[in-house]
>>> print(open('entry_21.txt').read())   # compact mmCIF, C-alpha atoms
# COMPACT_ATOMS: atom_id res chain seq x y z
CA MET A 9 12.65 -32.55 -18.37
CA SER A 10 9.28 -33.83 -17.39
CA ALA A 11 5.87 -32.67 -18.45
CA ASP A 12 2.38 -33.06 -17.09
CA LEU A 13 0.79 -35.37 -19.65
CA ASN A 14 -2.43 -35.78 -17.71
CA THR A 15 -5.32 -35.94 -20.16
CA LEU A 16 -8.01 -35.18 -17.58
CA ASN A 17 -10.04 -32.04 -18.19
CA MET A 18 -10.96 -29.64 -15.44
CA ASP A 19 -14.66 -30.23 -14.93
CA GLY A 20 -15.14 -28.15 -11.82
CA HIS A 21 -15.19 -31.04 -9.36
CA ALA A 22 -12.43 -29.47 -7.26
CA PHE A 23 -14.41 -26.23 -7.01
CA ARG A 24 -17.55 -28.05 -5.90
CA LEU A 25 -15.63 -30.19 -3.43
CA ALA A 26 -13.87 -27.14 -1.94
CA ASP A 27 -17.15 -25.24 -1.64
CA ALA A 28 -18.85 -28.21 0.01
CA LEU A 29 -15.98 -28.59 2.49
CA LEU A 30 -15.93 -24.88 3.33
CA ARG A 31 -19.71 -24.83 3.86
CA SER A 32 -19.57 -27.94 6.01
CA GLN A 33 -16.90 -26.30 8.20
CA GLY A 34 -19.14 -23.35 9.00
CA GLY A 35 -18.65 -21.37 5.81
CA THR A 36 -19.35 -17.69 6.15
CA THR A 37 -18.92 -14.51 4.09
CA ALA A 38 -15.89 -12.22 4.08
CA PHE A 39 -15.80 -8.79 2.47
CA LEU A 40 -12.73 -7.50 0.68
CA GLN A 41 -12.28 -3.73 1.02
CA MET A 42 -11.73 -2.74 -2.60
CA PRO A 43 -10.93 0.68 -4.04
CA PRO A 44 -13.69 2.20 -6.18
CA ALA A 45 -13.59 1.48 -9.91
CA THR A 46 -12.95 5.16 -10.59
CA GLY A 47 -10.08 6.12 -8.30
CA ASP A 48 -9.59 9.53 -6.73
CA THR A 49 -7.00 11.28 -8.89
CA SER A 50 -6.97 14.52 -6.91
CA ASP A 51 -4.13 15.68 -4.65
CA ALA A 52 -6.51 15.48 -1.68
CA GLY A 53 -7.08 11.80 -2.46
CA GLN A 54 -3.36 11.10 -2.03
CA LEU A 55 -2.98 13.14 1.15
CA GLY A 56 -5.59 11.43 3.29
CA ILE A 57 -8.02 14.34 3.00
CA ASP A 58 -10.69 12.68 0.85
CA ALA A 59 -12.41 9.50 2.06
CA PRO A 60 -11.18 6.51 0.02
CA ASN A 61 -14.73 5.13 -0.39
CA PHE A 62 -13.67 1.51 -0.27
CA GLN A 63 -16.35 -0.88 -1.44
CA SER A 64 -17.13 -4.22 0.16
CA LEU A 65 -16.74 -7.15 -2.20
CA PRO A 66 -18.38 -10.28 -0.74
CA LEU A 67 -16.61 -13.65 -0.97
CA SER A 68 -18.47 -16.77 0.05
CA PRO A 69 -18.04 -19.45 1.24
CA VAL A 70 -14.99 -18.81 3.41
CA VAL A 71 -13.71 -20.34 6.63
CA PHE A 72 -12.11 -18.06 9.20
CA ARG A 73 -9.94 -19.34 12.05
CA ARG A 74 -7.18 -18.30 14.40
CA VAL A 75 -3.72 -19.47 13.37
CA ARG A 76 -2.33 -19.92 16.87
CA ALA A 77 -4.05 -20.20 20.18
CA THR A 78 -1.27 -18.63 22.28
CA MET A 79 -1.05 -14.87 22.12
CA THR A 80 2.15 -12.83 22.38
CA GLU A 81 1.89 -9.63 24.33
CA GLY A 82 1.93 -6.54 22.14
CA LYS A 83 1.60 -8.51 18.92
CA PRO A 84 -1.68 -8.68 17.03
CA ALA A 85 -3.27 -12.09 16.65
CA LYS A 86 -3.00 -13.81 13.30
CA TYR A 87 -5.84 -15.50 11.51
CA GLU A 88 -6.35 -17.59 8.45
CA LEU A 89 -9.07 -17.16 5.87
CA ILE A 90 -9.71 -20.01 3.46
CA VAL A 91 -11.57 -18.71 0.45
CA SER A 92 -13.45 -20.61 -2.23
CA GLY A 93 -11.69 -20.51 -5.59
CA ALA A 94 -15.07 -20.29 -7.33
CA ALA A 95 -15.95 -17.18 -5.29
CA VAL A 96 -12.65 -15.55 -6.24
CA GLN A 97 -13.15 -16.50 -9.88
CA ALA A 98 -16.59 -14.87 -9.85
CA ALA A 99 -15.24 -11.71 -8.21
CA VAL A 100 -12.33 -11.51 -10.64
CA GLY A 101 -14.74 -11.90 -13.55
CA ALA A 102 -17.03 -9.19 -12.24
CA LEU A 103 -14.18 -6.73 -11.71
CA GLN A 104 -12.31 -7.80 -14.88
CA ILE A 105 -9.07 -8.24 -12.99
CA ALA A 106 -6.32 -10.62 -14.04
CA PRO A 107 -4.56 -12.40 -12.44
CA ALA A 108 -6.65 -13.29 -9.39
CA ASP A 109 -3.75 -12.52 -7.02
CA LEU A 110 -4.17 -8.88 -7.98
CA LEU A 111 -7.56 -8.92 -6.28
CA PHE A 112 -5.90 -9.48 -2.92
CA GLN A 113 -3.08 -7.03 -3.68
CA MET A 114 -5.63 -4.31 -4.45
CA ALA A 115 -7.66 -4.95 -1.31
CA ALA A 116 -7.04 -2.60 1.61
CA GLY A 117 -8.16 -5.32 4.00
CA VAL A 118 -10.82 -7.88 4.62
CA THR A 119 -13.81 -7.66 6.91
CA VAL A 120 -15.14 -10.69 8.74
CA ALA A 121 -18.08 -10.34 11.12
CA GLY A 122 -17.62 -6.57 11.19
CA GLU A 123 -13.92 -6.73 12.15
CA LEU A 124 -11.18 -5.45 9.87
CA PHE A 125 -8.11 -7.58 9.13
CA LEU A 126 -5.03 -6.87 7.02
CA ILE A 127 -3.81 -9.36 4.44
CA GLU A 128 -0.23 -10.45 5.15
CA ALA A 129 0.22 -13.30 2.67
CA VAL A 130 -1.70 -15.29 0.10
CA SER A 131 -1.18 -18.88 -0.94
CA LEU A 132 -3.28 -21.17 -3.10
CA SER A 133 -4.04 -24.78 -3.95
CA GLU A 134 -4.79 -25.90 -7.45
CA CYS A 135 -6.02 -28.94 -9.31
CA LEU A 136 -5.40 -29.40 -13.03
CA GLY A 137 -4.35 -25.77 -13.29
CA ALA A 138 -7.44 -24.32 -11.64
CA VAL A 139 -7.18 -22.71 -8.21
CA TYR A 140 -9.91 -24.19 -6.05
CA VAL A 141 -8.98 -22.59 -2.73
CA TYR A 142 -7.03 -19.53 -1.57
CA ARG A 143 -5.50 -19.24 1.88
CA LEU A 144 -5.04 -15.75 3.28
CA LEU A 145 -2.91 -15.04 6.33
CA LEU A 146 -4.56 -12.14 8.15
CA ARG A 147 -3.41 -9.81 10.89
CA GLU A 148 -5.84 -8.20 13.27
CA SER A 149 -6.22 -4.50 12.51
CA ALA A 150 -5.21 -2.16 15.32
CA SER A 151 -7.90 0.35 14.38
CA GLY A 152 -10.68 -1.42 16.25
CA TRP A 153 -13.25 -0.09 13.78
CA GLN A 154 -16.60 -1.77 13.42
CA MET A 155 -16.85 -2.12 9.66
CA GLN A 156 -19.94 -1.88 7.50
CA THR A 157 -20.28 -5.02 5.44
CA THR A 158 -22.97 -3.90 3.05
CA GLN A 159 -21.94 -3.97 -0.57
CA GLY A 160 -20.96 -0.54 -1.90
CA MET B 5 2.63 21.49 10.03
CA GLN B 6 0.28 19.34 7.98
CA ASN B 7 0.49 21.86 5.14
CA ALA B 8 4.28 21.48 5.15
CA LYS B 9 3.99 17.69 5.00
CA ASP B 10 1.45 17.86 2.18
CA THR B 11 3.53 20.37 0.24
CA PHE B 12 6.71 18.31 0.57
CA TYR B 13 5.00 15.19 -0.78
CA ILE B 14 3.23 16.93 -3.69
CA THR B 15 6.48 18.69 -4.65
CA LEU B 16 8.46 15.45 -4.70
CA ARG B 17 5.68 13.69 -6.59
CA ASN B 18 5.53 16.36 -9.28
CA ARG B 19 9.32 16.42 -9.59
CA LEU B 20 9.44 12.61 -9.90
CA ALA B 21 6.97 12.80 -12.79
CA THR B 22 9.54 14.98 -14.57
CA VAL B 23 12.71 13.19 -13.46
CA ASN B 24 11.48 9.71 -14.39
CA PRO B 25 7.99 9.62 -15.95
CA ALA B 26 8.27 5.83 -16.22
CA ARG B 27 8.36 5.34 -12.45
CA THR B 28 4.65 4.86 -11.86
CA MET B 29 2.44 2.63 -9.75
CA THR B 30 -1.25 1.78 -9.60
CA LEU B 31 -2.64 2.41 -6.16
CA ARG B 32 -6.32 2.39 -5.20
CA GLY B 33 -7.25 2.21 -8.88
CA VAL B 34 -5.18 5.23 -9.92
CA LEU B 35 -2.01 5.27 -12.03
CA ARG B 36 0.29 7.83 -10.41
CA PRO B 37 4.00 8.61 -9.91
CA GLY B 38 5.78 6.01 -7.79
CA ILE B 39 5.82 7.86 -4.50
CA LEU B 40 3.41 7.74 -1.56
CA VAL B 41 2.94 8.91 1.99
CA GLU B 42 2.80 5.85 4.20
CA GLU B 43 0.38 7.36 6.72
CA ALA B 44 -2.07 8.36 3.97
CA GLU B 45 -2.40 4.89 2.42
CA PRO B 46 -3.77 1.55 3.63
CA ALA B 47 -1.41 -0.37 5.90
CA ALA B 48 0.62 -2.98 4.05
CA ALA B 49 2.51 -6.04 5.25
CA GLN B 50 5.55 -5.03 3.21
CA LEU B 51 6.58 -1.76 1.60
CA PRO B 52 6.26 -1.85 -2.20
CA THR B 53 9.37 -2.09 -4.36
CA ASP B 54 10.49 0.50 -6.92
CA VAL B 55 8.46 3.16 -5.14
CA PHE B 56 9.49 5.96 -2.76
CA VAL B 57 7.67 5.78 0.58
CA LEU B 58 7.60 8.87 2.80
CA ARG B 59 7.44 8.16 6.53
CA TRP B 60 7.18 11.10 8.92
CA THR B 61 9.00 10.54 12.19
CA LYS B 62 10.41 13.28 14.46
CA PHE B 63 8.86 16.64 15.14
CA ALA B 64 10.55 19.58 16.84
CA VAL B 65 9.75 23.25 17.35
CA ASP B 66 12.05 26.26 17.59
CA GLY B 67 10.24 29.03 19.45
CA GLN B 68 13.23 31.40 19.70
CA LEU B 69 12.46 33.06 16.37
CA PRO B 70 9.82 35.73 15.61
CA SER B 71 7.72 32.97 14.02
CA ILE B 72 7.58 29.39 15.23
CA LEU B 73 9.84 27.20 13.10
CA THR B 74 8.77 23.57 12.89
CA ASN B 75 11.25 20.87 12.07
CA LEU B 76 9.86 17.60 10.71
CA THR B 77 11.95 14.55 9.93
CA CYS B 78 10.99 12.58 6.85
CA GLU B 79 12.38 9.14 6.16
CA ILE B 80 12.22 8.20 2.50
CA HIS B 81 12.23 4.43 2.17
CA TYR B 82 12.89 2.73 -1.14
CA ALA B 83 13.80 -0.75 -2.25
CA THR B 84 14.09 -2.72 -5.45
CA ALA B 85 14.51 -6.27 -6.60
CA GLY B 86 15.84 -5.22 -10.01
CA THR B 87 14.07 -6.03 -13.25
CA GLN B 88 12.56 -9.28 -14.46
CA GLU B 89 14.48 -9.09 -17.76
CA ASN B 90 17.78 -9.20 -15.87
CA ALA B 91 16.50 -11.73 -13.31
CA GLY B 92 17.14 -9.21 -10.57
CA LEU B 93 20.89 -9.09 -11.20
CA ASP B 94 20.57 -5.38 -11.89
CA ARG B 95 19.12 -4.60 -8.46
CA GLY B 96 22.23 -2.66 -7.47
CA ARG B 97 21.96 -0.55 -10.59
CA SER B 98 18.22 -0.04 -10.02
CA LEU B 99 18.87 1.16 -6.48
CA GLU B 100 21.54 3.56 -7.71
CA GLU B 101 18.98 4.86 -10.23
CA MET B 102 16.55 5.54 -7.39
CA ASP B 103 19.31 7.26 -5.37
CA ASN B 104 19.95 9.53 -8.31
CA GLU B 105 16.26 10.25 -8.89
CA LEU B 106 15.82 11.17 -5.24
CA LEU B 107 18.76 13.57 -5.36
CA GLN B 108 17.19 15.29 -8.35
CA MET B 109 13.74 15.38 -6.71
CA LEU B 110 15.15 17.06 -3.62
CA TRP B 111 16.71 19.94 -5.53
CA PRO B 112 16.03 22.86 -5.20
CA ALA B 113 15.52 22.38 -1.49
CA TYR B 114 12.58 24.76 -1.06
CA THR B 115 9.10 25.39 -2.40
CA PRO B 116 6.16 27.68 -1.55
CA LYS B 117 3.95 26.22 1.16
CA MET B 118 0.49 25.25 -0.11
CA ASN B 119 -2.81 24.50 1.57
CA TYR B 120 -4.29 21.40 -0.08
CA THR B 121 -7.40 21.25 2.07
CA GLN B 122 -8.89 23.84 -0.29
CA THR B 123 -9.66 23.23 -3.94
CA PRO B 124 -7.80 24.52 -5.84
CA ALA B 125 -4.83 24.50 -3.48
CA VAL B 126 -3.95 27.92 -2.07
CA GLU B 127 -0.38 29.26 -1.89
CA MET B 128 0.54 30.40 1.60
CA GLY B 129 2.85 33.21 2.68
CA THR B 130 6.08 31.31 3.36
CA ASN B 131 8.27 28.64 1.86
CA ILE B 132 9.13 25.24 3.23
CA PHE B 133 12.76 24.19 2.92
CA TRP B 134 14.73 21.10 3.72
CA SER B 135 18.19 19.80 4.51
CA GLN B 136 20.41 17.65 2.34
CA ALA B 137 19.43 14.00 2.43
CA THR B 138 21.36 11.66 4.69
CA PHE B 139 21.60 8.27 3.00
CA ALA B 140 21.69 5.21 5.26
CA PRO B 141 23.74 2.15 4.25
CA GLU B 142 22.20 -0.18 1.70
CA THR B 143 20.29 -3.06 3.26
CA THR B 144 19.66 -6.45 1.72
CA THR B 145 16.58 -8.51 2.53
CA ARG B 146 16.59 -11.68 0.46
CA GLU B 147 16.46 -10.46 -3.15
CA ARG B 148 15.54 -6.89 -2.23
CA VAL B 149 18.05 -4.11 -1.74
CA GLY B 150 16.92 -0.89 -0.16
CA ARG B 151 17.88 2.29 1.55
CA ILE B 152 16.48 4.99 3.82
CA ALA B 153 17.22 8.63 3.09
CA THR B 154 16.46 11.09 5.88
CA VAL B 155 15.54 14.71 5.24
CA LYS B 156 14.71 17.45 7.74
CA VAL B 157 11.87 19.64 6.53
CA PHE B 158 11.50 23.13 8.01
CA ALA B 159 8.42 25.34 7.89
CA PHE B 160 7.30 28.50 9.61
CA GLN B 161 3.97 28.27 11.39
CA GLU B 162 1.75 30.91 9.83
CA GLN B 163 -1.05 32.88 11.50
CA GLY B 164 -4.11 30.70 11.96
CA GLU B 165 -2.33 27.60 10.72
CA GLN B 166 -2.78 24.43 12.73
>>> encode(input="entry_21.txt", output="structure tokens")
Amino acid sequence: MSADLNTLNMDGHAFRLADALLRSQGGTTAFLQMPPATGDTSDAGQLGIDAPNFQSLPLSPVVFRRVRATMTEGKPAKYELIVSGAAVQAAVGALQIAPADLLFQMAAGVTVAGELFLIEAVSLSECLGAVYVYRLLLRESASGWQMQTTQG
Amino acid sequence: MQNAKDTFYITLRNRLATVNPARTMTLRGVLRPGILVEEAEPAAAQLPTDVFVLRWTKFAVDGQLPSILTNLTCEIHYATAGTQENAGLDRGRSLEEMDNELLQMLWPAYTPKMNYTQTPAVEMGTNIFWSQATFAPETTTRERVGRIATVKVFAFQEQGEQ
């Protein structure tokens, strides 16, 4: 058995470093499409009759990039979204959600520059037990909707 | 046709709440019985486990009768990875539990057709009814075991119904 006996305390340096790197790489804002705090409990809400009223939750800074340059016919392009751990921590605190992964599980998608993407997978990097960056694998939505990115 | 689809889902959902009240999920901020209509929920990379997912596939019409009889095929997808307490070693038992729940939910194989676009929902003039479920072989994907049950749902097209 081995244990992490590191005596260093998390002082937020990894968060600041990640944020600085993301901003220097053209950091932008992404909007998670979150369900409203008070969900629709009616039958119509479960049958696609009522509008879901998703709300845009801003996350910044983030870096958005295409995973592969070559496209396969008939398959949607895949993208990667690198999200600041501090931004996720702030969002999680505001929504009182724990753990942070649940934030991405609850999201119906993510909007970047008015385009909707679906979250396929989430991974993370941590330092001294604190997650300083999240990496989201995104798939291009087939809907082709131009999304509103104003906060609901 | 849409009324028949809506009625089938709501019927199964209400029956599941009786058959196994513990099978619940939180979706879009609402705690509800563990069953959903795939086409009425946000697209997901992977179907959820321990939940019944209704996927509508084929559609056929029989116009030889006095009223048009529609025939809709519903695939009911479900999968499980077992429970955390048993480290997933009970996934076979969990799947069998879901098989059994589904059999109970599907019986009796008829219910009055409802119109859920109005509030409160309005009972229509005919029933919807469905065939016995056809259970596909169990499939294993890594630690998940799952199955697809197929049911044919029949409904008469009523006057003025779309």
>>> interface_residues(input="entry_21.txt", of="chain A", to="chain B", cutoff="12 Å", atoms="only C-alpha atoms", output="ChimeraX atom specification")
/A:41-63,103,105,110-118,124-130,145-151
>>> axis_aligned_box(input="entry_21.txt", around="range 113-116 of chain B", padding_each_side="6 Å", output="lines of an AutoDock Vina configuration file")
center_x = 10.8
center_y = 25.0
center_z = -1.7
size_x = 21.4
size_y = 17.3
size_z = 13.3
>>> closest_residue(input="entry_21.txt", among="B:Asn18, B:Thr130, B:Thr138, B:Thr74", to="Ile152 in chain B", atoms="all atoms listed in the file")
B:Thr138
>>> closest_residue(input="entry_21.txt", among="B:Arg17, B:Arg27, B:His81, B:Lys62", to="Arg151 in chain B", atoms="only C-alpha atoms")
B:His81
>>> residues_around(input="entry_21.txt", residues="range 139-141 of chain B", least_positions_apart="5", cutoff="12 Å", atoms="all atoms listed in the file", output="mmCIF file with C-alpha atoms, in the coordinates of the input")
data_model
loop_
_atom_site.group_PDB
_atom_site.id
_atom_site.type_symbol
_atom_site.label_atom_id
_atom_site.label_comp_id
_atom_site.auth_asym_id
_atom_site.auth_seq_id
_atom_site.Cartn_x
_atom_site.Cartn_y
_atom_site.Cartn_z
ATOM 1 C CA GLU B 79 12.380 9.140 6.160
ATOM 2 C CA ILE B 80 12.220 8.200 2.500
ATOM 3 C CA HIS B 81 12.230 4.430 2.170
ATOM 4 C CA TYR B 82 12.890 2.730 -1.140
ATOM 5 C CA LEU B 99 18.870 1.160 -6.480
ATOM 6 C CA GLU B 100 21.540 3.560 -7.710
ATOM 7 C CA MET B 102 16.550 5.540 -7.390
ATOM 8 C CA ASP B 103 19.310 7.260 -5.370
ATOM 9 C CA ASN B 104 19.950 9.530 -8.310
ATOM 10 C CA LEU B 106 15.820 11.170 -5.240
ATOM 11 C CA LEU B 107 18.760 13.570 -5.360
ATOM 12 C CA VAL B 149 18.050 -4.110 -1.740
ATOM 13 C CA GLY B 150 16.920 -0.890 -0.160
ATOM 14 C CA ARG B 151 17.880 2.290 1.550
ATOM 15 C CA ILE B 152 16.480 4.990 3.820
ATOM 16 C CA ALA B 153 17.220 8.630 3.090
ATOM 17 C CA THR B 154 16.460 11.090 5.880
ATOM 18 C CA VAL B 155 15.540 14.710 5.240
#
>>> atom_distance(input="entry_21.txt", atom1="CA of Lys86 in chain A", atom2="CA of Leu51 in chain B")
19.3 Å
>>> closest_residue(input="entry_21.txt", among="B:Leu93, B:Met128, B:Ala8, B:Gln163", to="Pro70 in chain B", atoms="all atoms listed in the file")
B:Gln163
>>> closest_residue(input="entry_21.txt", among="A:Gly93, A:Gly82, A:Pro107, A:Gly35", to="Leu132 in chain A", atoms="all atoms listed in the file")
A:Gly93
>>> residues_around(input="entry_21.txt", residues="Gly20 in chain A", least_positions_apart="5", cutoff="12 Å", atoms="all atoms listed in the file", output="VMD selection string")
chain A and resid 25 to 27 93 to 94 97 134 to 140
>>> closest_residue(input="entry_21.txt", among="B:Met29, B:Val55, B:Met5, B:Met109", to="Phe160 in chain B", atoms="only C-alpha atoms")
B:Met5
>>> residues_around(input="entry_21.txt", residues="range 70-74 of chain A", least_positions_apart="6", cutoff="6 Å", atoms="all atoms listed in the file", output="list in words")
Gly35, Thr36, Thr37, Tyr87, Glu88, Leu89, Ile90 and Val91 of chain A
>>> atom_distance(input="entry_21.txt", atom1="CA of Thr22 in chain B", atom2="CA of Val57 in chain B")
17.8 Å
>>> closest_residue(input="entry_21.txt", among="A:Ala121, A:Ala95, A:Ala106, A:Ala11", to="Leu67 in chain A", atoms="only C-alpha atoms")
A:Ala95
>>> residues_around(input="entry_21.txt", residues="Arg95 in chain B", least_positions_apart="4", cutoff="10 Å", atoms="only C-alpha atoms", output="ChimeraX atom specification")
/B:83-87,90-91,99-101,147-150
>>> atom_distance(input="entry_21.txt", atom1="CA of Arg19 in chain B", atom2="CA of Lys117 in chain B")
15.5 Å
>>> decode(input="entry_21.txt", residues="range 16-48 of chain A", atoms="C-alpha atoms", output="PDB file, in the first residue's frame")
ATOM      1  CA  LEU A  16       1.446  20.784   0.163  1.00  0.00           C
ATOM      2  CA  ASN A  17      -1.854  22.608   0.492  1.00  0.00           C
ATOM      3  CA  MET A  18      -3.999  23.497  -2.472  1.00  0.00           C
ATOM      4  CA  ASP A  19      -3.584  27.247  -2.794  1.00  0.00           C
ATOM      5  CA  GLY A  20      -5.342  27.724  -6.101  1.00  0.00           C
ATOM      6  CA  HIS A  21      -2.212  28.028  -8.231  1.00  0.00           C
ATOM      7  CA  ALA A  22      -3.379  25.270 -10.576  1.00  0.00           C
ATOM      8  CA  PHE A  23      -6.694  27.065 -11.112  1.00  0.00           C
ATOM      9  CA  ARG A  24      -4.950  30.350 -11.919  1.00  0.00           C
ATOM     10  CA  LEU A  25      -2.446  28.650 -14.196  1.00  0.00           C
ATOM     11  CA  ALA A  26      -5.210  26.774 -16.069  1.00  0.00           C
ATOM     12  CA  ASP A  27      -7.260  29.948 -16.468  1.00  0.00           C
ATOM     13  CA  ALA A  28      -4.240  31.879 -17.732  1.00  0.00           C
ATOM     14  CA  LEU A  29      -3.427  29.126 -20.245  1.00  0.00           C
ATOM     15  CA  LEU A  30      -7.013  28.903 -21.484  1.00  0.00           C
ATOM     16  CA  ARG A  31      -7.231  32.687 -21.897  1.00  0.00           C
ATOM     17  CA  SER A  32      -3.907  32.815 -23.701  1.00  0.00           C
ATOM     18  CA  GLN A  33      -5.139  30.132 -26.133  1.00  0.00           C
ATOM     19  CA  GLY A  34      -8.119  32.236 -27.183  1.00  0.00           C
ATOM     20  CA  GLY A  35     -10.392  31.517 -24.248  1.00  0.00           C
ATOM     21  CA  THR A  36     -14.058  32.011 -24.959  1.00  0.00           C
ATOM     22  CA  THR A  37     -17.404  31.322 -23.283  1.00  0.00           C
ATOM     23  CA  ALA A  38     -19.490  28.172 -23.614  1.00  0.00           C
ATOM     24  CA  PHE A  39     -23.066  27.829 -22.398  1.00  0.00           C
ATOM     25  CA  LEU A  40     -24.354  24.625 -20.854  1.00  0.00           C
ATOM     26  CA  GLN A  41     -28.025  23.970 -21.613  1.00  0.00           C
ATOM     27  CA  MET A  42     -29.368  23.232 -18.148  1.00  0.00           C
ATOM     28  CA  PRO A  43     -32.870  22.179 -17.120  1.00  0.00           C
ATOM     29  CA  PRO A  44     -34.769  24.765 -15.071  1.00  0.00           C
ATOM     30  CA  ALA A  45     -34.455  24.565 -11.284  1.00  0.00           C
ATOM     31  CA  THR A  46     -38.134  23.690 -11.032  1.00  0.00           C
ATOM     32  CA  GLY A  47     -38.671  20.867 -13.508  1.00  0.00           C
ATOM     33  CA  ASP A  48     -41.857  20.245 -15.456  1.00  0.00           C
TER      34      ASP A  48
END
